[in-house]
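Engineer: File my_file_21.csv follows (CSV, C-alpha atoms and all ligand atoms):
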```csv
chain,number,residue,atom,x,y,z
D,1,MET,CA,120.2,126.6,123.4
D,2,ALA,CA,122.1,124.5,121.0
D,3,PHE,CA,125.0,122.0,121.1
D,4,PRO,CA,127.3,121.7,123.1
D,5,VAL,CA,125.0,123.0,125.9
D,6,THR,CA,122.1,120.9,124.7
D,7,ARG,CA,123.0,117.2,124.6
D,8,LEU,CA,119.8,115.1,124.1
D,9,ARG,CA,121.8,111.9,124.8
D,10,ARG,CA,122.1,112.9,128.5
D,11,LEU,CA,118.7,111.5,129.2
D,12,ARG,CA,119.2,108.3,127.3
D,13,ARG,CA,122.1,107.0,129.3
D,14,THR,CA,120.4,104.5,131.5
D,15,ALA,CA,117.2,102.5,131.4
D,16,GLU,CA,116.0,104.3,134.5
D,17,LEU,CA,116.5,107.7,133.0
D,18,ARG,CA,114.9,106.6,129.7
D,19,ASN,CA,111.9,105.2,131.6
D,20,MET,CA,111.5,108.4,133.7
D,21,VAL,CA,111.2,110.6,130.6
D,22,ALA,CA,109.2,108.2,128.5
D,23,GLU,CA,106.3,110.2,126.9
D,24,THR,CA,104.1,107.3,126.1
D,25,ARG,CA,103.4,104.3,128.3
D,26,LEU,CA,101.7,101.0,127.5
D,27,THR,CA,99.5,99.3,130.0
D,28,PRO,CA,97.2,96.3,129.6
D,29,ASP,CA,94.3,98.6,130.5
D,30,SER,CA,94.3,99.8,127.0
D,31,PHE,CA,94.0,96.4,125.3
D,32,VAL,CA,91.0,94.7,123.8
D,33,TYR,CA,91.5,91.1,122.9
D,34,PRO,CA,89.7,89.8,119.8
D,35,MET,CA,88.3,86.3,119.9
D,36,PHE,CA,86.7,84.0,117.3
D,37,VAL,CA,83.9,81.8,118.6
D,38,CYS,CA,82.8,78.7,116.7
D,39,PRO,CA,80.3,75.9,117.3
D,40,GLY,CA,81.2,72.6,119.0
D,41,GLU,CA,82.8,71.7,122.3
D,42,GLY,CA,86.5,71.5,123.2
D,43,VAL,CA,87.4,73.1,119.9
D,44,ARG,CA,90.6,75.0,119.7
D,45,LYS,CA,91.6,75.3,116.1
D,46,GLU,CA,94.6,77.4,115.2
D,47,VAL,CA,94.2,79.9,112.4
D,48,ARG,CA,96.8,78.9,109.8
D,49,SER,CA,97.8,82.4,108.9
D,50,MET,CA,97.6,83.7,112.5
D,51,PRO,CA,99.8,81.4,114.7
D,52,GLY,CA,98.6,81.7,118.3
D,53,VAL,CA,95.1,82.8,117.3
D,54,PHE,CA,92.3,80.2,117.5
D,55,ASN,CA,88.7,79.4,116.6
D,56,LEU,CA,87.3,78.6,120.0
D,57,SER,CA,84.1,76.8,120.9
D,58,VAL,CA,82.1,78.5,123.7
D,59,ASP,CA,83.7,76.4,126.5
D,60,GLU,CA,87.2,77.2,125.3
D,61,ALA,CA,86.3,80.8,124.8
D,62,VAL,CA,85.3,81.1,128.4
D,63,LYS,CA,88.8,79.7,129.4
D,64,GLU,CA,90.5,82.1,127.1
D,65,ALA,CA,88.5,85.1,128.4
D,66,GLN,CA,89.4,84.1,132.0
D,67,GLU,CA,93.1,83.9,131.0
D,68,ALA,CA,93.0,87.3,129.4
D,69,HIS,CA,91.2,88.8,132.4
D,70,ALA,CA,93.7,87.3,134.8
D,71,LEU,CA,96.6,88.9,132.8
D,72,GLY,CA,95.0,92.3,133.3
D,73,VAL,CA,93.3,92.7,129.9
D,74,PRO,CA,90.0,94.4,130.7
D,75,SER,CA,88.1,93.7,127.5
D,76,ILE,CA,87.5,91.3,124.7
D,77,ILE,CA,85.7,91.6,121.4
D,78,LEU,CA,83.8,88.7,120.0
D,79,PHE,CA,83.5,87.5,116.4
D,80,GLY,CA,81.3,84.6,115.4
D,81,LEU,CA,81.5,81.7,113.0
D,82,PRO,CA,78.0,80.4,112.7
D,83,ASP,CA,77.2,76.8,111.7
D,84,LYS,CA,75.0,78.0,108.9
D,85,LYS,CA,75.0,81.1,106.7
D,86,ASP,CA,72.1,82.6,104.7
D,87,GLU,CA,71.0,85.7,102.7
D,88,VAL,CA,69.7,87.5,105.8
D,89,ALA,CA,72.5,86.8,108.3
D,90,THR,CA,70.2,85.0,110.7
D,91,GLY,CA,73.1,83.8,112.7
D,92,ALA,CA,74.0,87.4,113.6
D,93,TRP,CA,70.8,88.3,115.4
D,94,ALA,CA,69.3,84.9,116.4
D,95,GLU,CA,68.8,84.6,120.2
D,96,ASN,CA,70.9,81.4,120.1
D,97,GLY,CA,73.5,82.8,117.8
D,98,ILE,CA,77.1,81.7,118.5
D,99,VAL,CA,78.2,85.1,119.9
D,100,GLN,CA,75.1,85.4,122.0
D,101,GLN,CA,75.8,82.0,123.5
D,102,ALA,CA,79.5,82.9,124.1
D,103,THR,CA,78.5,86.2,125.7
D,104,ARG,CA,76.1,84.6,128.1
D,105,ALA,CA,78.7,82.0,129.1
D,106,ILE,CA,81.6,84.5,129.5
D,107,LYS,CA,79.6,87.0,131.4
D,108,ARG,CA,78.5,84.3,133.8
D,109,GLU,CA,82.1,83.3,134.5
D,110,VAL,CA,83.9,86.6,134.2
D,111,PRO,CA,81.3,89.3,134.9
D,112,GLU,CA,83.8,92.1,135.3
D,113,LEU,CA,85.3,91.6,131.8
D,114,VAL,CA,84.0,94.2,129.3
D,115,VAL,CA,82.7,92.1,126.5
D,116,MET,CA,82.4,93.9,123.2
D,117,GLY,CA,80.4,92.6,120.3
D,118,ASP,CA,81.5,93.2,116.7
D,119,VAL,CA,78.3,94.0,114.8
D,120,CYS,CA,78.5,93.1,111.1
D,121,LEU,CA,76.7,90.7,108.7
D,122,CYS,CA,79.6,89.3,106.6
D,123,GLU,CA,80.4,86.4,108.8
D,124,TYR,CA,76.7,85.3,108.7
D,125,MET,CA,75.9,86.0,105.0
D,126,SER,CA,76.3,83.2,102.5
D,127,HIS,CA,77.9,85.8,100.1
D,128,GLY,CA,80.2,87.2,102.7
D,129,HIS,CA,79.3,90.9,102.3
D,130,CYS,CA,78.7,93.2,105.2
D,131,GLY,CA,75.1,94.1,104.1
D,132,ILE,CA,72.2,92.9,102.1
D,133,VAL,CA,73.1,92.2,98.5
D,134,LYS,CA,70.7,93.1,95.6
D,135,ALA,CA,71.2,92.2,92.0
D,136,THR,CA,71.1,95.4,89.9
D,137,PRO,CA,70.0,95.6,86.3
D,138,ALA,CA,73.1,94.8,84.3
D,139,PRO,CA,73.9,96.2,80.8
D,140,GLN,CA,73.1,92.6,79.8
D,141,SER,CA,71.7,89.9,82.0
D,142,LEU,CA,73.6,86.7,82.4
D,143,GLY,CA,70.8,84.7,80.7
D,144,ALA,CA,70.9,87.0,77.7
D,145,ALA,CA,74.6,87.0,77.5
D,146,ALA,CA,74.7,83.2,77.7
D,147,ARG,CA,72.0,83.0,75.0
D,148,ASP,CA,74.0,85.2,72.8
D,149,SER,CA,77.1,83.2,73.5
D,150,VAL,CA,75.6,80.0,72.2
D,151,ILE,CA,78.0,79.1,69.4
D,152,VAL,CA,78.2,75.9,67.4
D,153,VAL,CA,81.5,74.6,68.3
D,154,ARG,CA,83.2,73.0,65.4
D,155,ASP,CA,86.8,73.2,66.3
D,156,ASP,CA,89.1,74.1,69.1
D,157,GLU,CA,89.4,77.7,68.0
D,158,GLU,CA,85.7,78.2,68.2
D,159,LYS,CA,85.5,76.5,71.5
D,160,GLU,CA,88.1,78.9,72.9
D,161,LYS,CA,86.1,81.9,71.6
D,162,ALA,CA,82.9,80.6,73.1
D,163,LEU,CA,84.6,80.1,76.5
D,164,GLU,CA,86.0,83.6,76.4
D,165,LYS,CA,82.5,85.0,75.7
D,166,LEU,CA,81.0,83.1,78.5
D,167,ALA,CA,83.6,84.2,80.9
D,168,ALA,CA,83.0,87.8,79.9
D,169,ALA,CA,79.3,87.4,80.4
D,170,ALA,CA,79.9,86.0,83.9
D,171,ARG,CA,82.1,89.0,84.7
D,172,VAL,CA,79.3,91.4,83.7
D,173,ALA,CA,76.8,89.5,85.8
D,174,GLN,CA,79.1,89.5,88.8
D,175,ALA,CA,79.7,93.2,88.6
D,176,SER,CA,75.9,93.8,88.7
D,177,PHE,CA,75.2,93.8,92.4
D,178,GLU,CA,74.8,96.3,95.1
D,179,ILE,CA,75.3,96.2,98.8
D,180,VAL,CA,72.1,97.9,99.8
D,181,ASN,CA,72.6,100.5,102.5
D,182,ASP,CA,69.3,101.3,104.1
D,183,ALA,CA,67.8,97.8,104.1
D,184,SER,CA,71.0,96.6,105.9
D,185,LEU,CA,70.5,99.0,108.8
D,186,GLU,CA,67.5,97.2,110.1
D,187,LEU,CA,69.5,93.9,110.4
D,188,LEU,CA,72.4,95.7,112.0
D,189,ALA,CA,70.1,97.3,114.6
D,190,ARG,CA,68.4,93.9,115.2
D,191,THR,CA,71.8,92.3,115.7
D,192,SER,CA,72.9,95.0,118.2
D,193,VAL,CA,69.7,94.5,120.3
D,194,SER,CA,70.1,90.8,120.3
D,195,LEU,CA,73.7,91.1,121.5
D,196,ALA,CA,72.8,93.6,124.2
D,197,LYS,CA,70.1,91.2,125.4
D,198,ALA,CA,72.7,88.4,125.6
D,199,GLY,CA,74.8,90.7,127.8
D,200,ILE,CA,77.2,92.4,125.5
D,201,ASP,CA,78.6,95.5,127.2
D,202,VAL,CA,79.7,97.5,124.1
D,203,ILE,CA,78.2,97.4,120.6
D,204,ALA,CA,80.9,97.8,117.9
D,205,PRO,CA,79.5,98.1,114.4
D,206,SER,CA,82.2,97.4,111.7
D,207,ASP,CA,80.0,97.3,108.5
D,208,MET,CA,80.6,100.8,107.2
D,209,MET,CA,77.0,101.4,106.0
D,210,ASP,CA,75.9,105.0,106.2
D,211,GLY,CA,73.7,105.8,109.1
D,212,ARG,CA,74.2,102.7,111.0
D,213,VAL,CA,75.2,104.3,114.3
D,214,ALA,CA,71.9,106.2,114.4
D,215,ALA,CA,69.9,103.1,113.5
D,216,ILE,CA,71.7,101.1,116.1
D,217,ARG,CA,71.3,103.8,118.8
D,218,LYS,CA,67.6,104.0,118.1
D,219,GLY,CA,67.3,100.2,118.1
D,220,LEU,CA,69.1,99.9,121.4
D,221,ASP,CA,67.1,102.8,123.0
D,222,ASP,CA,63.8,101.5,121.8
D,223,ALA,CA,64.6,98.1,123.4
D,224,GLY,CA,65.6,99.8,126.7
D,225,PHE,CA,69.4,99.6,126.3
D,226,ILE,CA,69.9,103.3,126.8
D,227,ASN,CA,73.1,102.6,128.7
D,228,THR,CA,74.8,100.4,126.2
D,229,PRO,CA,77.7,102.4,124.5
D,230,ILE,CA,78.6,102.2,120.9
D,231,LEU,CA,82.2,102.0,119.7
D,232,SER,CA,82.0,102.6,116.0
D,233,TYR,CA,84.5,101.4,113.5
D,234,ALA,CA,84.3,105.0,112.2
D,235,ALA,CA,87.2,105.0,109.7
D,236,LYS,CA,87.6,101.5,108.4
D,237,PHE,CA,89.7,101.2,105.3
D,238,ALA,CA,89.4,98.6,102.6
D,239,SER,CA,92.7,96.9,103.3
D,240,GLY,CA,94.8,94.1,102.2
D,241,PHE,CA,95.9,93.7,105.8
D,242,TYR,CA,92.6,92.0,106.6
D,243,GLY,CA,93.6,88.8,104.7
D,244,PRO,CA,94.3,86.5,107.6
D,245,PHE,CA,91.1,87.6,109.4
D,246,ARG,CA,89.0,86.4,106.6
D,247,GLU,CA,90.4,83.0,107.2
D,248,ALA,CA,89.9,83.3,110.9
D,249,ALA,CA,86.3,84.4,110.6
D,250,ASP,CA,85.5,82.7,107.4
D,251,SER,CA,84.2,85.9,106.0
D,252,ALA,CA,85.7,86.5,102.6
D,253,PRO,CA,83.3,87.9,100.1
D,254,GLN,CA,82.3,85.3,97.5
D,255,PHE,CA,82.3,87.9,94.7
D,256,GLY,CA,83.4,91.5,94.3
D,257,ASP,CA,85.2,93.2,97.2
D,258,ARG,CA,84.4,95.7,99.9
D,259,ARG,CA,85.6,98.9,98.3
D,260,SER,CA,82.0,100.2,97.7
D,261,TYR,CA,81.5,100.6,101.5
D,262,GLN,CA,84.9,100.5,103.2
D,263,MET,CA,87.1,103.6,102.8
D,264,ASP,CA,89.7,104.3,100.2
D,265,GLY,CA,93.2,104.2,101.7
D,266,ALA,CA,94.0,107.5,99.9
D,267,ASN,CA,91.6,109.6,102.0
D,268,ILE,CA,92.3,111.2,105.3
D,269,ARG,CA,89.8,114.1,105.0
D,270,GLU,CA,87.1,111.7,104.2
D,271,ALA,CA,88.1,109.7,107.3
D,272,MET,CA,87.4,112.8,109.4
D,273,ARG,CA,83.9,113.1,107.7
D,274,GLU,CA,83.2,109.5,108.5
D,275,ILE,CA,84.1,109.9,112.1
D,276,GLU,CA,82.2,113.2,112.4
D,277,ALA,CA,79.1,111.5,111.0
D,278,ASP,CA,79.3,108.7,113.5
D,279,VAL,CA,79.9,111.2,116.4
D,280,GLU,CA,76.8,113.1,115.3
D,281,GLU,CA,74.8,109.9,115.1
D,282,GLY,CA,75.7,109.1,118.7
D,283,ALA,CA,78.9,107.0,118.8
D,284,ASP,CA,80.4,107.0,122.3
D,285,MET,CA,83.8,105.9,121.1
D,286,ILE,CA,85.4,105.8,117.7
D,287,MET,CA,87.9,103.5,116.0
D,288,VAL,CA,90.4,103.7,113.1
D,289,LYS,CA,91.2,100.4,111.4
D,290,PRO,CA,93.8,99.1,110.4
D,291,ALA,CA,96.3,100.7,112.8
D,292,MET,CA,99.9,100.8,111.6
D,293,PRO,CA,99.3,101.7,107.9
D,294,TYR,CA,97.0,104.5,109.1
D,295,LEU,CA,98.8,106.0,112.1
D,296,ASP,CA,98.4,109.5,110.5
D,297,VAL,CA,94.6,109.0,110.5
D,298,ILE,CA,94.8,108.0,114.2
D,299,ALA,CA,96.8,111.1,115.0
D,300,ALA,CA,94.5,113.4,113.0
D,301,ALA,CA,91.4,111.9,114.7
D,302,ARG,CA,93.0,112.4,118.1
D,303,GLU,CA,93.7,116.0,117.3
D,304,ARG,CA,90.2,116.7,116.1
D,305,PHE,CA,87.8,114.6,118.3
D,306,ASP,CA,87.5,114.3,122.0
D,307,LEU,CA,85.9,110.9,122.2
D,308,PRO,CA,87.8,107.9,123.4
D,309,LEU,CA,89.8,106.7,120.4
D,310,ALA,CA,90.5,103.0,119.5
D,311,ALA,CA,92.7,101.5,116.8
D,312,TYR,CA,92.6,97.9,115.5
D,313,GLN,CA,96.0,96.3,115.0
D,314,VAL,CA,94.6,93.9,112.4
D,315,SER,CA,95.3,90.3,111.4
D,316,GLY,CA,97.8,91.2,108.6
D,317,GLU,CA,99.8,93.5,111.0
D,318,TYR,CA,100.0,90.5,113.4
D,319,ALA,CA,100.7,88.0,110.7
D,320,MET,CA,103.6,90.0,109.3
D,321,ILE,CA,105.3,90.3,112.6
D,322,GLU,CA,104.8,86.6,113.4
D,323,ALA,CA,106.1,85.5,110.0
D,324,ALA,CA,109.2,87.6,110.2
D,325,ALA,CA,109.8,86.5,113.8
D,326,ARG,CA,109.5,82.9,112.8
D,327,ASN,CA,112.1,83.4,110.2
D,328,GLY,CA,114.4,84.9,112.7
D,329,TRP,CA,114.4,88.2,110.8
D,330,ILE,CA,113.1,90.3,113.7
D,331,GLU,CA,112.9,90.1,117.5
D,332,ARG,CA,109.3,89.1,118.1
D,333,GLU,CA,108.8,90.6,121.5
D,334,ARG,CA,110.6,93.8,120.7
D,335,VAL,CA,108.6,94.5,117.5
D,336,MET,CA,105.4,93.5,119.2
D,337,MET,CA,105.9,96.1,121.9
D,338,GLU,CA,107.2,98.7,119.5
D,339,SER,CA,104.2,98.3,117.2
D,340,LEU,CA,101.8,98.7,120.1
D,341,LEU,CA,103.7,101.7,121.4
D,342,SER,CA,103.5,103.4,118.0
D,343,ILE,CA,99.7,103.1,118.0
D,344,ARG,CA,99.5,104.5,121.4
D,345,ARG,CA,101.9,107.4,120.5
D,346,ALA,CA,99.8,108.2,117.5
D,347,GLY,CA,96.9,108.8,119.9
D,348,ALA,CA,94.8,105.7,120.4
D,349,SER,CA,93.7,105.2,123.9
D,350,MET,CA,92.5,101.6,123.3
D,351,ILE,CA,94.2,99.0,121.1
D,352,LEU,CA,92.4,96.0,119.7
D,353,THR,CA,95.2,93.5,119.3
D,354,TYR,CA,95.8,89.8,119.0
D,355,TYR,CA,98.9,90.5,121.2
D,356,ALA,CA,96.8,91.6,124.2
D,357,LYS,CA,97.7,88.6,126.3
D,358,ASP,CA,101.3,88.4,125.3
D,359,ALA,CA,101.9,92.1,125.7
D,360,ALA,CA,100.1,92.1,129.1
D,361,ARG,CA,102.6,89.3,130.1
D,362,VAL,CA,105.5,91.5,129.1
D,363,LEU,CA,104.1,94.5,131.0
D,364,GLY,CA,103.0,92.5,134.0
W,1,ZN,ZN,81.7,92.8,107.6
```
Could you show the structure in this file as structure tokens?
Structural biologist:
Amino acid sequence: MAFPVTRLRRLRRTAELRNMVAETRLTPDSFVYPMFVCPGEGVRKEVRSMPGVFNLSVDEAVKEAQEAHALGVPSIILFGLPDKKDEVATGAWAENGIVQQATRAIKREVPELVVMGDVCLCEYMSHGHCGIVKATPAPQSLGAAARDSVIVVRDDEEKEKALEKLAAAARVAQASFEIVNDASLELLARTSVSLAKAGIDVIAPSDMMDGRVAAIRKGLDDAGFINTPILSYAAKFASGFYGPFREAADSAPQFGDRRSYQMDGANIREAMREIEADVEEGADMIMVKPAMPYLDVIAAARERFDLPLAAYQVSGEYAMIEAAARNGWIERERVMMESLLSIRRAGASMILTYYAKDAARVLG
């Protein structure tokens, strides 16, 4: 039945009518609030590129968790900023690690809050990568390249040439490393068990190593945590939208980038394979990250898999909205709610978002 019998505008006339026929609804129940925990006491340091988001010491994190819970947000996810970093990510799995401390404190004060623990190594590794780094045999070692580069510098032109040659040698040496997959699994499993012991309710691995869900499941089961669910960052794309997070979590890689383990933004079929692998390995819930640039991946995952599906509205998505709103170019609240609605409409049942508290206030 076409126009003039059909007039779609009939149901858009009033707010009540529009609300009645709304196909997608947002509720705070679907929000997970990410928090960054740092050492110290009374610390509440705003992240420069994420206004309204803070590095919080454990005592402040407890207050923040209480506030989120009071607003109806059922869950938080914790990231840690350790006081020391090393080559084996000790801070990730130490009994007294920063996230372990925060978890114990938060679960003591707000036991009903579902506390998720992000499991990765980058925040705790001195090099900032998500796994163990091994140097690989280079076409030419840095030492050999440097030896070959020794030039008697007689004038500025020769000096220029020598510097160029040294820079080239450094580039070769830097390209010769590998993020070792299988050796990293043990540390990820160890981190997961440590977090579960501290009281983390949901283990959320974000590293993108192959086989990590199986390794973590086995680690948890062997340690007696058979009832601790895994929410895997199953399709996590190498994305420029993570920029502000790296400042928030102090986790930028010191060399290279994460493209050898995180997914290529061009691939949706591969994303389905990644998710499938995690489901087979025992993931209880799956996640797509980032959210807004990958809404099609969320929709495809919703279509294909029956597990609870989460999406992470990442730091860059948040920062863009905040920056534009601060300039008066968009209406902050309207765009915030629209962005969350779009993620929900694409099919995510849970949304990890820095807007959890603000959006819960709007909905409350
Ligand atoms: Zn990582």
Engineer: Counting all atoms listed in the file, what are the residues, protein, DNA or RNA alike, that approach ligand ZN 1 (chain W) to within 12 Å? I want them as a CSV table (one decimal) with C-alpha atoms, keeping the file's coordinate frame.
Structural biologist:
```csv
chain,number,residue,atom,x,y,z
D,79,PHE,CA,83.5,87.5,116.4
D,80,GLY,CA,81.3,84.6,115.4
D,89,ALA,CA,72.5,86.8,108.3
D,92,ALA,CA,74.0,87.4,113.6
D,118,ASP,CA,81.5,93.2,116.7
D,119,VAL,CA,78.3,94.0,114.8
D,120,CYS,CA,78.5,93.1,111.1
D,121,LEU,CA,76.7,90.7,108.7
D,122,CYS,CA,79.6,89.3,106.6
D,123,GLU,CA,80.4,86.4,108.8
D,124,TYR,CA,76.7,85.3,108.7
D,125,MET,CA,75.9,86.0,105.0
D,127,HIS,CA,77.9,85.8,100.1
D,128,GLY,CA,80.2,87.2,102.7
D,129,HIS,CA,79.3,90.9,102.3
D,130,CYS,CA,78.7,93.2,105.2
D,131,GLY,CA,75.1,94.1,104.1
D,132,ILE,CA,72.2,92.9,102.1
D,179,ILE,CA,75.3,96.2,98.8
D,184,SER,CA,71.0,96.6,105.9
D,188,LEU,CA,72.4,95.7,112.0
D,204,ALA,CA,80.9,97.8,117.9
D,205,PRO,CA,79.5,98.1,114.4
D,206,SER,CA,82.2,97.4,111.7
D,207,ASP,CA,80.0,97.3,108.5
D,208,MET,CA,80.6,100.8,107.2
D,209,MET,CA,77.0,101.4,106.0
D,233,TYR,CA,84.5,101.4,113.5
D,236,LYS,CA,87.6,101.5,108.4
D,237,PHE,CA,89.7,101.2,105.3
D,238,ALA,CA,89.4,98.6,102.6
D,242,TYR,CA,92.6,92.0,106.6
D,245,PHE,CA,91.1,87.6,109.4
D,246,ARG,CA,89.0,86.4,106.6
D,249,ALA,CA,86.3,84.4,110.6
D,250,ASP,CA,85.5,82.7,107.4
D,251,SER,CA,84.2,85.9,106.0
D,252,ALA,CA,85.7,86.5,102.6
D,253,PRO,CA,83.3,87.9,100.1
D,257,ASP,CA,85.2,93.2,97.2
D,258,ARG,CA,84.4,95.7,99.9
D,259,ARG,CA,85.6,98.9,98.3
D,261,TYR,CA,81.5,100.6,101.5
D,262,GLN,CA,84.9,100.5,103.2
```
Engineer: Which is closest to D:Ile216 among D:Ala198, D:Ser126, D:Met272, D:Gly282, if we use only C-alpha atoms?
Structural biologist: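 Ranked by minimum distance to D:Ile216, first place goes to D:Gly282.
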Engineer: Restricting the calculation to only C-alpha atoms: of D:Tyr312, D:Trp329, D:Phe177, D:Phe3, which residue gets closest to D:Tyr355?
Structural biologist: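 Among the listed residues, the smallest separation from D:Tyr355 belongs to D:Tyr312.
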Engineer: Could you name the residues that touch D:Ala102 at 8 Å or less, counting all atoms listed in the file, but leaving out those on the same chain fewer than 3 positions away, as an MDAnalysis selection string?
Structural biologist: chainID D and resid 37 58 61:62 98:99 105:106
Engineer: With distances taken over all atoms listed in the file, which of D:Ala223, D:Leu26, D:Val21, D:Val213 is nearest to D:Met336?
Structural biologist: D:Leu26
Engineer: What lies within 10 Å of stretch 266-268 of chain D using only C-alpha atoms, ignoring chain neighbours under 5 positions off, as a ChimeraX atom specification?
Structural biologist: /D:235,237,273-274,294,296-298,300-301
Engineer: Find the distance between atom CA of D:Leu363 and atom CA of D:Glu303 and write it in Å to one decimal.
Structural biologist: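 A separation of 27.5 Å between them.
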Engineer: Between D:Gly72, D:Gly256, D:Pro290, D:Pro82, which residue has the minimum interatomic distance to D:Gln101, considering only C-alpha atoms?
Structural biologist: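 Closest to D:Gln101 of all the choices is D:Pro82.
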Engineer: What is the atom CA of D:Val279-atom CA of D:Ile230 distance in Å, reported with one decimal?
Structural biologist: 10.1 Å
Engineer: Looking at all atoms listed in the file, which of D:Asp201, D:Glu41, D:Asp278, D:Glu157 is the one that sits closest to D:Ala215?
Structural biologist: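 Of D:Asp201, D:Glu41, D:Asp278, D:Glu157, the one nearest D:Ala215 is D:Asp278, counting all atoms listed in the file.
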Engineer: As an exercise, work out the distance from atom CA of D:Ile200 to atom CA of D:Glu276 in Å and give it to one decimal place.
Structural biologist: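 Atom CA of D:Glu276 lies 25.1 Å from atom CA of D:Ile200.
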Engineer: For the contact check between stretch 33-74 of chain D and stretch 337-350 of chain D, emit one row per residue of stretch 33-74 of chain D within 12 Å, containing the shortest atom pair and the distance in Å rounded to one decimal, counting all atoms listed in the file, chain then rising number order, as a tab-separated table.
Structural biologist:
```
residue	atom	partner	partner_atom	distance
D:Tyr33	CA	D:Met350	CA	10.6
D:Val73	CA	D:Met350	CA	11.1
D:Pro74	CA	D:Met350	CA	10.6
```
Engineer: Rank D:Leu307, D:Ile351, D:Ala183, D:Ala135 by their smallest atom-to-atom distance to D:Val32, using only C-alpha atoms, and report the top residue only.
Structural biologist: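 Selected residue with least distance to D:Val32: D:Ile351.
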Engineer: Would you kindly place all heavy atoms on stretch 6-11 of chain D and return the model as a PDB file, in the coordinates of the input?
Structural biologist:
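That gives us selection.pdb:
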```pdb
ATOM      1  N   THR D   6     123.190 121.867 124.818  1.00  0.00           N
ATOM      2  CA  THR D   6     122.100 120.900 124.700  1.00  0.00           C
ATOM      3  C   THR D   6     122.723 119.552 124.185  1.00  0.00           C
ATOM      4  O   THR D   6     123.339 119.516 123.109  1.00  0.00           O
ATOM      5  CB  THR D   6     121.054 121.347 123.710  1.00  0.00           C
ATOM      6  OG1 THR D   6     120.514 122.565 124.216  1.00  0.00           O
ATOM      7  CG2 THR D   6     119.941 120.327 123.572  1.00  0.00           C
ATOM      8  N   ARG D   7     122.537 118.519 124.982  1.00  0.00           N
ATOM      9  CA  ARG D   7     123.000 117.200 124.600  1.00  0.00           C
ATOM     10  C   ARG D   7     121.821 116.228 124.899  1.00  0.00           C
ATOM     11  O   ARG D   7     121.640 115.814 126.037  1.00  0.00           O
ATOM     12  CB  ARG D   7     124.236 116.746 125.325  1.00  0.00           C
ATOM     13  CG  ARG D   7     125.496 117.431 124.876  1.00  0.00           C
ATOM     14  CD  ARG D   7     126.698 116.959 125.706  1.00  0.00           C
ATOM     15  NE  ARG D   7     127.917 117.707 125.343  1.00  0.00           N
ATOM     16  CZ  ARG D   7     128.746 117.338 124.367  1.00  0.00           C
ATOM     17  NH1 ARG D   7     128.516 116.233 123.687  1.00  0.00           N
ATOM     18  NH2 ARG D   7     129.819 118.061 124.108  1.00  0.00           N
ATOM     19  N   LEU D   8     121.020 115.919 123.895  1.00  0.00           N
ATOM     20  CA  LEU D   8     119.800 115.100 124.100  1.00  0.00           C
ATOM     21  C   LEU D   8     120.190 113.685 124.627  1.00  0.00           C
ATOM     22  O   LEU D   8     119.377 113.017 125.258  1.00  0.00           O
ATOM     23  CB  LEU D   8     118.976 115.027 122.856  1.00  0.00           C
ATOM     24  CG  LEU D   8     118.328 116.379 122.512  1.00  0.00           C
ATOM     25  CD1 LEU D   8     117.718 116.343 121.113  1.00  0.00           C
ATOM     26  CD2 LEU D   8     117.263 116.770 123.526  1.00  0.00           C
ATOM     27  N   ARG D   9     121.366 113.254 124.366  1.00  0.00           N
ATOM     28  CA  ARG D   9     121.800 111.900 124.800  1.00  0.00           C
ATOM     29  C   ARG D   9     121.904 111.776 126.303  1.00  0.00           C
ATOM     30  O   ARG D   9     121.933 110.670 126.821  1.00  0.00           O
ATOM     31  CB  ARG D   9     123.080 111.527 124.094  1.00  0.00           C
ATOM     32  CG  ARG D   9     122.898 111.254 122.610  1.00  0.00           C
ATOM     33  CD  ARG D   9     124.199 110.830 121.962  1.00  0.00           C
ATOM     34  NE  ARG D   9     124.814 109.687 122.640  1.00  0.00           N
ATOM     35  CZ  ARG D   9     126.063 109.282 122.427  1.00  0.00           C
ATOM     36  NH1 ARG D   9     126.833 109.917 121.565  1.00  0.00           N
ATOM     37  NH2 ARG D   9     126.543 108.247 123.066  1.00  0.00           N
ATOM     38  N   ARG D  10     121.991 112.950 127.029  1.00  0.00           N
ATOM     39  CA  ARG D  10     122.100 112.900 128.500  1.00  0.00           C
ATOM     40  C   ARG D  10     121.017 112.067 129.141  1.00  0.00           C
ATOM     41  O   ARG D  10     121.231 111.379 130.110  1.00  0.00           O
ATOM     42  CB  ARG D  10     122.097 114.300 129.085  1.00  0.00           C
ATOM     43  CG  ARG D  10     123.389 115.054 128.960  1.00  0.00           C
ATOM     44  CD  ARG D  10     123.305 116.407 129.673  1.00  0.00           C
ATOM     45  NE  ARG D  10     124.349 117.266 129.172  1.00  0.00           N
ATOM     46  CZ  ARG D  10     124.156 118.435 128.575  1.00  0.00           C
ATOM     47  NH1 ARG D  10     122.920 118.908 128.440  1.00  0.00           N
ATOM     48  NH2 ARG D  10     125.161 119.132 128.145  1.00  0.00           N
ATOM     49  N   LEU D  11     119.812 112.198 128.584  1.00  0.00           N
ATOM     50  CA  LEU D  11     118.700 111.500 129.200  1.00  0.00           C
ATOM     51  C   LEU D  11     118.433 110.119 128.681  1.00  0.00           C
ATOM     52  O   LEU D  11     117.449 109.485 128.992  1.00  0.00           O
ATOM     53  CB  LEU D  11     117.396 112.372 129.009  1.00  0.00           C
ATOM     54  CG  LEU D  11     117.427 113.739 129.683  1.00  0.00           C
ATOM     55  CD1 LEU D  11     116.152 114.525 129.372  1.00  0.00           C
ATOM     56  CD2 LEU D  11     117.585 113.604 131.202  1.00  0.00           C
TER      57      LEU D  11
END
```
